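Notes follow once the structure below has been shown.
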Amino acid sequence: MSESAELLSGLALGAFRLNGQFLHVAEGLARPVGMTAAWWQVLGAVLREPLPVAGIARAMGMTRQGVQRIADLLVERGLAEYRPNPAHRRAKLLQPTDAGRAAIAEIVPAHQAFADRLVDELGVETARDCLQALQRLSAALDGLTEQP
């Protein structure tokens with residue numbers, strides 16, 4: 001196997017492991033407030049502005065169908081609501097309700113505590129370097145996999 005193939009495999013396996021680790025942490029942070037990591041992820045995507053399901057899926061790297069199922073559950077449980085989309089009649093916008101914002105707010109203290117522990121473990125500069133490396137890797141993959 002070439003060095004580039006070994007590097008690709010190592011990067012992919014590392015990303016898969018990190019994904020699992022982050023999901024485990026997120027589940028632990030979301031569970032005490034009656035949420036799941038996936039609910040938190042979808043609600044978090046629309047905290048700043050309402051988005052259509054397809055936009056959430058693109059931003060989060062999820063499938064549209066998966067986001068649709070979660071969005072419907074969030075609406076059913078009163079944590080989010082659909083709003084008309086002036087740009088597209090059929091693609092409604094998802095936005096959090098007051099209850100959804102309150103649920104996210106309940107996660108913030110534990111999220112902050114875990115963030116502080118992680119950054120203490122890594123050091124601020126290393127944490128920034130890790131973030132920058134992940135962003136560069138993601139941008140490179142986007143550039144190589146964009147459909148013409």
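How things are named: the first chain in the structure tokens is A, the next is B, and so on; residues count from 1 in each chain; ligands count from 1 in the order shown.
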Give me the segment 61-136 of chain A side of the contact with segment 28-46 of chain A, cut-off 12 Å, one line per residue showing its nearest atom pair and distance in Å at one decimal, counting only C-alpha atoms, sorted by chain and residue number, as a Markdown table.
| residue | atom | partner | partner_atom | distance |
| --- | --- | --- | --- | --- |
| A:Gly61 | CA | A:Gln41 | CA | 10.7 |
| A:Met62 | CA | A:Val42 | CA | 9.7 |
| A:Thr63 | CA | A:Val42 | CA | 11.7 |
| A:Arg64 | CA | A:Val42 | CA | 11.3 |
| A:Gly66 | CA | A:Ala38 | CA | 9.4 |
| A:Val67 | CA | A:Val42 | CA | 7.1 |
| A:Gln68 | CA | A:Val42 | CA | 9.7 |
| A:Arg69 | CA | A:Trp39 | CA | 10.1 |
| A:Ile70 | CA | A:Trp39 | CA | 6.3 |
| A:Ala71 | CA | A:Val42 | CA | 7.2 |
| A:Asp72 | CA | A:Trp39 | CA | 10.4 |
| A:Leu73 | CA | A:Trp39 | CA | 8.5 |
| A:Leu74 | CA | A:Trp39 | CA | 7.1 |
| A:Val75 | CA | A:Leu43 | CA | 10.5 |
| A:Arg77 | CA | A:Met35 | CA | 10.6 |
| A:Gly78 | CA | A:Leu43 | CA | 11.8 |
| A:Leu79 | CA | A:Leu43 | CA | 8.2 |
| A:Ala80 | CA | A:Leu43 | CA | 7.5 |
| A:Glu81 | CA | A:Leu43 | CA | 10.5 |
| A:Tyr82 | CA | A:Val46 | CA | 11.3 |
| A:Leu93 | CA | A:Val46 | CA | 9.1 |
| A:Leu94 | CA | A:Val46 | CA | 6.9 |
| A:Gln95 | CA | A:Val46 | CA | 5.7 |
| A:Pro96 | CA | A:Leu43 | CA | 6.4 |
| A:Thr97 | CA | A:Leu43 | CA | 9.6 |
| A:Asp98 | CA | A:Leu43 | CA | 11.6 |
| A:Ala99 | CA | A:Leu43 | CA | 11.1 |
| A:Gly100 | CA | A:Leu43 | CA | 7.3 |
| A:Arg101 | CA | A:Leu43 | CA | 8.3 |
| A:Ala102 | CA | A:Val33 | CA | 9.8 |
| A:Ala103 | CA | A:Val33 | CA | 6.5 |
| A:Ile104 | CA | A:Trp40 | CA | 7.1 |
| A:Ala105 | CA | A:Val33 | CA | 9.7 |
| A:Glu106 | CA | A:Val33 | CA | 6.8 |
| A:Ile107 | CA | A:Leu29 | CA | 6.3 |
| A:Val108 | CA | A:Leu29 | CA | 8.8 |
| A:Pro109 | CA | A:Leu29 | CA | 9.4 |
| A:Ala110 | CA | A:Leu29 | CA | 6.4 |
| A:His111 | CA | A:Leu29 | CA | 6.6 |
| A:Gln112 | CA | A:Leu29 | CA | 10.2 |
| A:Ala113 | CA | A:Leu29 | CA | 10.3 |
| A:Phe114 | CA | A:Leu29 | CA | 8.9 |
| A:Ala115 | CA | A:Leu29 | CA | 11.3 |
Could you write out, as a VMD selection string, all the residues of segment 13-110 of chain A that DSSP marks as strand (DSSP E)? chain A and resid 51 to 52 80 to 83 93 to 96
Print the selection's residues with C-alpha atoms to a file, as a PDB file, in the first residue's frame.
ATOM      1  CA  LEU A  51     -33.410  26.299   7.899  1.00  0.00           C
ATOM      2  CA  PRO A  52     -35.070  23.793   5.578  1.00  0.00           C
ATOM      3  CA  ALA A  80     -39.318  22.728  17.178  1.00  0.00           C
ATOM      4  CA  GLU A  81     -41.874  23.950  14.677  1.00  0.00           C
ATOM      5  CA  TYR A  82     -42.176  24.271  10.925  1.00  0.00           C
ATOM      6  CA  ARG A  83     -42.591  27.739   9.451  1.00  0.00           C
ATOM      7  CA  LEU A  93     -38.247  26.030   7.618  1.00  0.00           C
ATOM      8  CA  LEU A  94     -37.494  24.355  10.948  1.00  0.00           C
ATOM      9  CA  GLN A  95     -36.978  26.545  13.994  1.00  0.00           C
ATOM     10  CA  PRO A  96     -36.751  25.776  17.716  1.00  0.00           C
TER      11      PRO A  96
END
List every residue of chain A that DSSP, applied to the backbone of this structure, places in alpha helix (DSSP H), and write the result as a PyMOL selection string. chain A and resi 3-30+37-45+53-60+64-76+98-122+124-145
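One finds atom CA of Val53 of chain A at 24.7 Å from atom CA of Leu134 of chain A.
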Gap from atom CA of Leu141 of chain A to atom CA of Glu6 of chain A - Å, one decimal: 16.2 Å
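Our summary of the geometry notes that atom CA of Arg90 of chain A is positioned 18.2 Å from atom CA of Glu49 of chain A.
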